[in-house]
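K.L.:
To be precise about what I am sending: the file is called structure.cif and holds mmCIF, C-alpha atoms.
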```
data_final
#
loop_
_atom_site.label_atom_id
_atom_site.label_comp_id
_atom_site.auth_asym_id
_atom_site.auth_seq_id
_atom_site.Cartn_x
_atom_site.Cartn_y
_atom_site.Cartn_z
CA MET J 258 2.64 -5.98 -34.94
CA SER J 259 2.64 -9.74 -34.34
CA ALA J 260 2.20 -11.26 -30.89
CA LYS J 261 5.74 -12.66 -31.15
CA LYS J 262 7.20 -9.21 -31.83
CA ILE J 263 5.15 -7.65 -29.01
CA LYS J 264 6.42 -10.31 -26.61
CA ARG J 265 10.02 -9.82 -27.71
CA LYS J 266 9.70 -6.07 -27.33
CA ALA J 267 8.11 -6.46 -23.90
CA LEU J 268 10.94 -8.70 -22.72
CA CYS J 269 13.38 -5.98 -23.79
CA LEU J 270 11.59 -3.39 -21.64
CA LEU J 271 13.77 -1.13 -19.57
CA LEU J 272 12.13 0.83 -16.77
CA THR J 273 14.57 3.28 -15.18
CA SER J 274 13.65 4.70 -11.82
CA PHE J 275 16.01 7.34 -10.43
CA ALA J 276 15.34 7.99 -6.75
CA VAL J 277 17.63 10.63 -5.30
CA ASN J 278 17.75 10.44 -1.51
CA ALA J 279 18.33 14.15 -1.06
CA TYR J 280 19.23 14.49 2.58
CA ALA J 281 19.00 13.27 6.13
CA VAL J 282 18.90 16.15 8.57
CA ASP J 283 19.44 15.66 12.31
CA LYS J 284 16.87 17.94 13.96
CA THR J 285 19.11 18.51 17.00
CA ASN J 286 22.01 20.07 15.11
CA ASP J 287 20.78 20.38 11.50
CA SER J 288 23.87 18.52 10.28
CA PHE J 289 23.91 16.24 7.27
CA GLU J 290 24.81 12.68 8.24
CA THR J 291 24.44 9.04 7.28
CA SER J 292 21.33 7.51 8.80
CA GLY J 293 21.33 4.62 11.23
CA LYS J 294 18.77 2.56 9.26
CA LEU J 295 19.80 -0.74 7.73
CA LEU J 296 20.41 -1.08 4.00
CA LEU J 297 17.25 -1.29 1.87
CA THR J 298 14.90 -0.83 4.88
CA GLY J 299 13.58 2.45 3.45
CA GLY J 300 12.15 0.62 0.42
CA VAL J 301 12.11 2.14 -3.06
CA SER J 302 9.73 4.59 -4.71
CA GLN J 303 6.45 2.78 -5.41
CA LEU J 304 4.52 3.60 -8.61
CA GLU J 305 2.19 5.99 -6.78
CA GLY J 306 5.04 7.73 -4.94
CA SER J 307 5.02 6.00 -1.54
CA ALA J 308 7.95 4.08 -0.08
CA GLY J 309 7.69 0.32 -0.51
CA GLY J 310 8.12 -2.12 -3.34
CA GLY J 311 7.56 -1.18 -6.96
CA LEU J 312 3.88 -2.19 -6.95
CA THR J 313 2.73 -1.76 -3.36
CA PRO J 314 3.43 0.53 -0.39
CA TRP J 315 5.11 -0.87 2.73
CA ALA J 316 4.76 0.33 6.32
CA VAL J 317 8.27 1.86 6.15
CA ILE J 318 8.75 5.62 6.04
CA GLY J 319 10.73 6.60 2.96
CA GLY J 320 14.42 7.43 3.10
CA TYR J 321 17.03 6.48 5.69
CA GLY J 322 16.03 9.15 8.21
CA THR J 323 15.69 7.89 11.80
CA ASP J 324 13.51 9.25 14.63
CA ASP J 325 15.71 12.36 14.80
CA GLU J 326 15.99 13.00 11.07
CA ILE J 327 14.19 14.20 7.97
CA GLY J 328 14.73 12.28 4.75
CA ALA J 329 13.77 13.22 1.20
CA ASN J 330 13.69 11.38 -2.13
CA ALA J 331 13.15 12.51 -5.68
CA PHE J 332 12.39 9.88 -8.31
CA TYR J 333 11.76 9.32 -11.97
CA THR J 334 10.39 6.11 -13.46
CA ARG J 335 10.07 4.99 -17.06
CA VAL J 336 7.93 1.96 -17.96
CA ASN J 337 7.53 0.41 -21.42
CA THR J 338 5.35 -2.68 -21.79
CA GLY J 339 5.59 -2.94 -25.57
CA SER J 340 2.14 -1.46 -26.26
CA TYR J 341 2.26 1.50 -23.85
CA HIS J 342 4.75 3.51 -21.86
CA LEU J 343 4.58 5.39 -18.57
CA ASP J 344 6.68 8.27 -17.28
CA ASP J 345 6.45 8.69 -13.50
CA ALA J 346 8.22 11.34 -11.42
CA GLY J 347 7.83 12.74 -7.94
CA ILE J 348 9.18 13.58 -4.52
CA MET J 349 8.89 12.03 -1.06
CA ILE J 350 9.67 13.46 2.39
CA GLY J 351 9.97 11.35 5.55
CA LEU J 352 9.54 13.23 8.83
CA TYR J 353 11.33 11.66 11.83
CA ASN J 354 10.45 8.11 10.79
CA ARG J 355 6.81 8.87 11.57
CA VAL J 356 5.12 10.69 8.67
CA GLU J 357 5.71 10.40 4.93
CA LEU J 358 4.51 12.99 2.39
CA SER J 359 4.69 12.24 -1.32
CA PHE J 360 3.76 13.63 -4.72
CA ALA J 361 3.91 11.81 -8.04
CA GLN J 362 2.88 12.63 -11.58
CA GLN J 363 2.20 9.83 -14.04
CA ARG J 364 2.02 10.27 -17.83
CA PHE J 365 0.59 7.19 -19.53
CA ASN J 366 1.18 7.21 -23.30
CA THR J 367 -1.10 4.95 -25.37
CA GLU J 368 1.28 4.94 -28.38
CA GLN J 369 -0.37 3.23 -31.39
CA VAL J 370 -3.17 1.80 -29.24
CA GLY J 371 -4.49 5.35 -28.95
CA GLY J 372 -4.93 5.44 -32.71
CA LEU J 373 -6.78 2.12 -32.69
CA LEU J 374 -9.14 3.54 -30.05
CA GLY J 375 -9.77 6.70 -32.06
CA LEU J 376 -7.84 8.94 -29.65
CA GLY J 377 -4.80 9.44 -31.86
CA ASP J 378 -1.34 7.89 -31.68
CA GLY J 379 0.50 8.90 -28.53
CA PHE J 380 -2.62 10.03 -26.66
CA THR J 381 -1.59 10.62 -23.02
CA PHE J 382 -3.38 10.38 -19.69
CA LYS J 383 -1.81 12.48 -16.93
CA GLN J 384 -2.43 11.76 -13.27
CA ASN J 385 -1.25 13.63 -10.16
CA ILE J 386 -1.04 11.74 -6.86
CA ILE J 387 -0.68 13.25 -3.39
CA GLY J 388 0.13 10.75 -0.63
CA VAL J 389 0.32 10.77 3.15
CA LYS J 390 1.48 7.81 5.25
CA VAL J 391 1.65 7.65 9.07
CA ARG J 392 3.47 5.01 11.12
CA LEU J 393 1.14 3.96 13.93
CA ALA J 394 2.87 1.22 15.90
CA GLY J 395 5.34 -1.65 15.95
CA ASP J 396 8.91 -2.09 14.78
CA LEU J 397 10.23 -3.08 11.38
CA VAL J 398 13.01 -5.33 12.71
CA VAL J 399 12.30 -8.29 15.00
CA ASP J 400 14.08 -7.96 18.35
CA SER J 401 13.58 -8.98 21.95
CA ASP J 402 11.35 -6.01 22.73
CA SER J 403 8.70 -6.26 20.01
CA ALA J 404 7.35 -8.97 17.76
CA MET J 405 4.66 -6.65 16.36
CA PRO J 406 5.19 -5.63 12.73
CA GLN J 407 5.49 -2.01 11.81
CA ILE J 408 1.99 -0.80 10.98
CA SER J 409 1.14 2.28 8.94
CA VAL J 410 -1.95 3.80 7.37
CA GLY J 411 -2.01 5.94 4.26
CA VAL J 412 -4.04 7.78 1.67
CA GLN J 413 -3.31 8.49 -1.99
CA HIS J 414 -5.47 11.14 -3.65
CA LYS J 415 -5.41 10.93 -7.44
CA LYS J 416 -6.55 13.36 -10.14
CA ASN J 417 -6.69 12.46 -13.84
CA ASN J 418 -6.70 15.11 -16.59
CA GLN J 419 -8.89 13.28 -19.16
CA ALA J 420 -12.39 13.56 -17.68
CA GLY J 421 -14.17 13.42 -21.04
CA VAL J 422 -12.42 10.28 -22.27
CA LEU J 423 -12.85 8.57 -18.90
CA ALA J 424 -16.59 9.24 -18.92
CA PHE J 425 -16.83 7.86 -22.47
CA ILE J 426 -15.22 4.55 -21.50
CA GLY J 427 -17.54 4.17 -18.50
CA ALA J 428 -15.52 5.56 -15.57
CA LYS J 429 -17.64 7.42 -13.02
CA ASN J 430 -15.04 9.97 -11.88
CA ASP J 431 -11.74 11.52 -12.94
CA SER J 432 -10.48 11.71 -9.34
CA GLY J 433 -10.48 9.40 -6.34
CA THR J 434 -8.78 8.56 -3.09
CA ASP J 435 -7.25 5.22 -2.09
CA PHE J 436 -7.04 4.30 1.60
CA TYR J 437 -4.71 1.58 2.85
CA VAL J 438 -3.34 -0.09 5.95
CA THR J 439 -0.02 -1.90 5.70
CA ALA J 440 2.14 -4.06 7.96
CA THR J 441 5.81 -4.90 7.38
CA LYS J 442 8.25 -7.06 9.35
CA LEU J 443 11.91 -7.86 8.78
CA PHE J 444 13.02 -11.14 10.37
CA LEU J 445 16.67 -10.19 10.32
CA ALA J 446 18.04 -13.49 11.65
CA ASP J 447 16.23 -15.34 8.84
CA GLY J 448 16.84 -12.66 6.22
CA LEU J 449 13.13 -12.46 5.43
CA LEU J 450 10.92 -9.38 4.94
CA LEU J 451 7.15 -9.80 4.72
CA ASN J 452 4.57 -7.16 3.89
CA GLY J 453 0.80 -7.15 3.64
CA THR J 454 -1.33 -4.22 2.50
CA VAL J 455 -5.09 -3.88 2.28
CA ARG J 456 -6.16 -1.09 -0.06
CA PHE J 457 -9.68 0.32 -0.37
CA THR J 458 -10.00 1.71 -3.89
CA LYS J 459 -12.21 2.47 -6.87
CA ALA J 460 -9.25 3.08 -9.18
CA ASN J 461 -9.15 1.58 -12.67
CA GLN J 462 -5.55 0.66 -13.60
CA ILE J 463 -4.42 2.59 -10.47
CA GLY J 464 -6.43 5.61 -11.65
CA ILE J 465 -5.02 6.01 -15.14
CA LEU J 466 -8.45 4.95 -16.48
CA GLY J 467 -10.42 6.84 -13.83
CA PHE J 468 -12.39 5.66 -10.83
CA GLY J 469 -15.45 3.45 -10.60
CA GLY J 470 -17.28 2.19 -13.64
CA ASP J 471 -20.35 0.74 -15.26
CA LYS J 472 -19.75 -2.62 -13.50
CA ASN J 473 -18.99 -1.26 -10.04
CA ASP J 474 -18.71 2.13 -8.32
CA SER J 475 -18.05 1.22 -4.70
CA TYR J 476 -14.91 0.77 -2.65
CA LYS J 477 -13.55 -2.75 -2.65
CA PRO J 478 -10.71 -4.06 -0.44
CA GLN J 479 -7.75 -5.30 -2.45
CA LEU J 480 -4.89 -7.35 -1.02
CA GLU J 481 -1.28 -6.52 -1.85
CA VAL J 482 1.58 -8.70 -0.59
CA SER J 483 5.36 -8.67 -0.79
CA ALA J 484 8.08 -11.07 0.31
CA ALA J 485 11.80 -10.38 0.12
CA TYR J 486 14.77 -12.56 1.06
CA LEU J 487 18.15 -11.10 1.96
CA LEU J 488 20.79 -13.18 0.22
CA SER J 489 23.37 -11.06 2.02
CA GLN J 490 23.56 -7.62 3.60
CA LYS J 491 23.61 -6.10 0.11
CA TRP J 492 21.53 -8.43 -2.06
CA VAL J 493 17.75 -8.97 -1.88
CA VAL J 494 15.36 -11.00 -4.04
CA GLY J 495 11.58 -10.89 -3.77
CA LEU J 496 8.07 -11.15 -5.14
CA GLU J 497 5.06 -8.82 -5.15
CA TYR J 498 1.41 -9.43 -5.94
CA ARG J 499 -1.29 -6.76 -6.20
CA MET J 500 -4.99 -7.42 -6.57
CA LYS J 501 -6.97 -4.95 -8.69
CA PRO J 502 -10.68 -4.11 -8.93
CA ASP J 503 -12.55 -4.83 -12.18
CA ASN J 504 -14.95 -1.90 -12.60
CA LEU J 505 -15.11 -1.26 -16.36
CA GLY J 506 -17.09 -3.24 -18.89
CA ILE J 507 -14.76 -2.36 -21.78
CA ALA J 508 -11.96 -4.68 -20.60
CA THR J 509 -11.03 -7.06 -17.83
CA GLU J 510 -8.52 -5.67 -15.33
CA ASP J 511 -5.99 -8.27 -14.21
CA ASN J 512 -4.01 -8.48 -10.98
CA TRP J 513 -0.33 -7.49 -11.08
CA PHE J 514 2.78 -9.51 -10.23
CA ASP J 515 6.51 -8.88 -10.20
CA ALA J 516 9.73 -10.62 -9.22
CA PHE J 517 12.76 -8.49 -8.35
CA VAL J 518 16.39 -8.48 -7.29
CA ALA J 519 17.99 -5.48 -5.55
CA TYR J 520 21.61 -4.68 -4.79
CA ALA J 521 22.79 -1.95 -2.42
CA PRO J 522 26.60 -1.62 -2.23
CA THR J 523 26.17 1.32 0.18
CA LYS J 524 23.35 3.42 1.62
CA HIS J 525 24.08 5.95 -1.11
CA VAL J 526 23.38 3.68 -4.09
CA SER J 527 21.04 0.78 -4.85
CA PHE J 528 20.03 -1.01 -8.04
CA THR J 529 16.88 -3.02 -8.75
CA VAL J 530 15.89 -5.20 -11.70
CA ALA J 531 12.44 -6.82 -11.92
CA TYR J 532 10.13 -8.67 -14.26
CA ALA J 533 6.50 -7.50 -14.12
CA ASP J 534 3.32 -9.07 -15.47
CA LEU J 535 0.52 -6.47 -15.71
CA GLY J 536 -1.93 -8.62 -17.67
CA ASN J 537 -4.59 -6.95 -19.79
CA ILE J 538 -4.59 -3.17 -20.29
CA VAL J 539 -7.62 -2.08 -22.34
CA ILE J 540 -7.38 -3.96 -25.68
CA LYS J 541 -3.89 -5.39 -25.17
CA ASP J 542 -3.29 -8.63 -23.28
CA ASN J 543 -0.05 -9.95 -21.79
CA GLN J 544 1.52 -6.62 -20.90
CA ARG J 545 4.80 -7.85 -19.44
CA GLY J 546 8.30 -6.53 -19.18
CA VAL J 547 11.56 -6.05 -17.33
CA TYR J 548 12.32 -2.92 -15.37
CA ALA J 549 15.52 -1.61 -13.84
CA SER J 550 15.95 1.07 -11.21
CA VAL J 551 18.78 2.98 -9.59
CA GLN J 552 18.52 4.88 -6.32
CA VAL J 553 21.13 7.40 -5.19
CA GLY J 554 21.22 8.63 -1.61
CA PHE J 555 22.90 11.51 0.19
#
```
Can you present the structure in this file as structure tokens?

P.N.:
Amino acid sequence: MSAKKIKRKALCLLLTSFAVNAYAVDKTNDSFETSGKLLLTGGVSQLEGSAGGGLTPWAVIGGYGTDDEIGANAFYTRVNTGSYHLDDAGIMIGLYNRVELSFAQQRFNTEQVGGLLGLGDGFTFKQNIIGVKVRLAGDLVVDSDSAMPQISVGVQHKKNNQAGVLAFIGAKNDSGTDFYVTATKLFLADGLLLNGTVRFTKANQIGILGFGGDKNDSYKPQLEVSAAYLLSQKWVVGLEYRMKPDNLGIATEDNWFDAFVAYAPTKHVSFTVAYADLGNIVIKDNQRGVYASVQVGF
């Protein structure tokens, strides 16, 4: 396939992420009710299952559950970059706006690239991710009482099912754990949300290609940043940037970038469209595409 055709196919990418906000339960009366959180302040389902942007976790606890509520999301994500595709599904539970538990399963299909690598067309890497996030301090929204951002810490433990292939390409392990600290602040009067995350990781392509490698097998801090601007109460535009380690000698691993727009007509429904640049993935450069997501809440 020519580079022109690959680019055209990538620009036609459609990533559909269905996040079903299952419930918000008031722990004092066990009734189902609409949460008091502002629109879009629960984030969306991040690629590894945590609440945040599409690429990076935020300090928010997933769902619209407040301090007296439990919130739960279920999500499904489909990514197609032109040379590969990813299916990503999972669940997330937010406990009283303090603790977030998540599980995600990623299936990365190499399509025809698998044949070129001698693995066979459609060869698939499967990865399970268990996440825990804890809100430590601060407030998401700027007010007269606190200027401190909301600060959370989290872990994401990942297990890949292709140990033999990963060892062959130079990865040191088929499982690993990412540790991160993240701070998020919404300047409501200015309509601006800012997030910064520092992740300590050995993951190659977020773990899809294993952990550690022939070039490096130690934890390295990676910066992840997000900025979002509220055009109105219901419309948000933003950017994300995620640094990545470069552990494997077989291919350079590039940093990731996306630009997105989100629309939330109510707390029950939101839509997101973004353009993502994922750079090089193994033997294919310029892995770019558009993704769209829909989130339904109850």

K.L.:
Produce a table with one row for each residue of stretch 401-467 of chain J that has an atom at most 9 Å from any atom of stretch 339-363 of chain J, each row naming the nearest atom pair and its distance in Å at one decimal; use only C-alpha atoms; arrange rows by chain and rising residue number; format as a tab-separated table.

P.N.:
```
residue	atom	partner	partner_atom	distance
J:Gly411	CA	J:Glu357	CA	8.9
J:Gln413	CA	J:Ser359	CA	8.9
J:Ile465	CA	J:Gln363	CA	8.2
```

K.L.:
Using C-alpha atoms, can you write the selected residues to a file as a JSON list (two decimals), keeping the file's coordinate frame?

P.N.:
```json
[["chain", "number", "residue", "atom", "x", "y", "z"],
["J", 411, "GLY", "CA", -2.01, 5.94, 4.26],
["J", 413, "GLN", "CA", -3.31, 8.49, -1.99],
["J", 465, "ILE", "CA", -5.02, 6.01, -15.14]]
```

K.L.:
Which residues would end up in the selection if the PyMOL selection byres ((chain J and resi 492-499) around 6) were applied here, given that I need the answer as a list in words?

P.N.:
Glu481, Val482, Ser483, Ala484, Ala485, Tyr486, Leu487, Leu488, Ser489, Lys491, Met500, Asn512, Trp513, Phe514, Asp515, Ala516, Phe517, Val518, Ala519 and Tyr520 of chain J

K.L.:
Between atom CA of J:Leu397 and atom CA of J:Val438, what is the distance, to one decimal in Å?

P.N.:
14.9 Å

K.L.:
For a quick check of understanding, using only C-alpha atoms, which of J:Thr434, J:Gln419, J:Thr313, J:Gln552 has the smallest distance to J:Asn452?

P.N.:
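Answer, going by the shortest atom-to-atom distance: J:Thr313.
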
K.L.:
Quick one: which residues end up in the PyMOL selection byres ((chain J and resi 526-539) around 9) for this structure, as a PDB file with C-alpha atoms, keeping the file's coordinate frame?

P.N.:
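Once everything was written out, this is result-v6.pdb:
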```pdb
ATOM      1  CA  LEU J 268      10.940  -8.700 -22.720  1.00  0.00           C
ATOM      2  CA  LEU J 272      12.130   0.830 -16.770  1.00  0.00           C
ATOM      3  CA  SER J 274      13.650   4.700 -11.820  1.00  0.00           C
ATOM      4  CA  LEU J 297      17.250  -1.290   1.870  1.00  0.00           C
ATOM      5  CA  GLY J 311       7.560  -1.180  -6.960  1.00  0.00           C
ATOM      6  CA  THR J 338       5.350  -2.680 -21.790  1.00  0.00           C
ATOM      7  CA  GLN J 462      -5.550   0.660 -13.600  1.00  0.00           C
ATOM      8  CA  LYS J 491      23.610  -6.100   0.110  1.00  0.00           C
ATOM      9  CA  ILE J 507     -14.760  -2.360 -21.780  1.00  0.00           C
ATOM     10  CA  ALA J 508     -11.960  -4.680 -20.600  1.00  0.00           C
ATOM     11  CA  THR J 509     -11.030  -7.060 -17.830  1.00  0.00           C
ATOM     12  CA  GLU J 510      -8.520  -5.670 -15.330  1.00  0.00           C
ATOM     13  CA  ASP J 511      -5.990  -8.270 -14.210  1.00  0.00           C
ATOM     14  CA  ASN J 512      -4.010  -8.480 -10.980  1.00  0.00           C
ATOM     15  CA  TRP J 513      -0.330  -7.490 -11.080  1.00  0.00           C
ATOM     16  CA  PHE J 514       2.780  -9.510 -10.230  1.00  0.00           C
ATOM     17  CA  ASP J 515       6.510  -8.880 -10.200  1.00  0.00           C
ATOM     18  CA  ALA J 516       9.730 -10.620  -9.220  1.00  0.00           C
ATOM     19  CA  PHE J 517      12.760  -8.490  -8.350  1.00  0.00           C
ATOM     20  CA  VAL J 518      16.390  -8.480  -7.290  1.00  0.00           C
ATOM     21  CA  ALA J 519      17.990  -5.480  -5.550  1.00  0.00           C
ATOM     22  CA  TYR J 520      21.610  -4.680  -4.790  1.00  0.00           C
ATOM     23  CA  ALA J 521      22.790  -1.950  -2.420  1.00  0.00           C
ATOM     24  CA  PRO J 522      26.600  -1.620  -2.230  1.00  0.00           C
ATOM     25  CA  THR J 523      26.170   1.320   0.180  1.00  0.00           C
ATOM     26  CA  LYS J 524      23.350   3.420   1.620  1.00  0.00           C
ATOM     27  CA  HIS J 525      24.080   5.950  -1.110  1.00  0.00           C
ATOM     28  CA  ILE J 540      -7.380  -3.960 -25.680  1.00  0.00           C
ATOM     29  CA  LYS J 541      -3.890  -5.390 -25.170  1.00  0.00           C
ATOM     30  CA  ASP J 542      -3.290  -8.630 -23.280  1.00  0.00           C
ATOM     31  CA  ASN J 543      -0.050  -9.950 -21.790  1.00  0.00           C
ATOM     32  CA  GLN J 544       1.520  -6.620 -20.900  1.00  0.00           C
ATOM     33  CA  ARG J 545       4.800  -7.850 -19.440  1.00  0.00           C
ATOM     34  CA  GLY J 546       8.300  -6.530 -19.180  1.00  0.00           C
ATOM     35  CA  VAL J 547      11.560  -6.050 -17.330  1.00  0.00           C
ATOM     36  CA  TYR J 548      12.320  -2.920 -15.370  1.00  0.00           C
ATOM     37  CA  ALA J 549      15.520  -1.610 -13.840  1.00  0.00           C
ATOM     38  CA  SER J 550      15.950   1.070 -11.210  1.00  0.00           C
ATOM     39  CA  VAL J 551      18.780   2.980  -9.590  1.00  0.00           C
ATOM     40  CA  GLN J 552      18.520   4.880  -6.320  1.00  0.00           C
ATOM     41  CA  VAL J 553      21.130   7.400  -5.190  1.00  0.00           C
ATOM     42  CA  GLY J 554      21.220   8.630  -1.610  1.00  0.00           C
ATOM     43  CA  PHE J 555      22.900  11.510   0.190  1.00  0.00           C
TER      44      PHE J 555
END
```

K.L.:
Point out the residue among J:Leu376, J:Val317, J:Ile327, J:Ile386 with the least atom-to-atom distance to J:Thr454, counting only C-alpha atoms.

P.N.:
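For J:Thr454, the nearest of the candidates is J:Val317.
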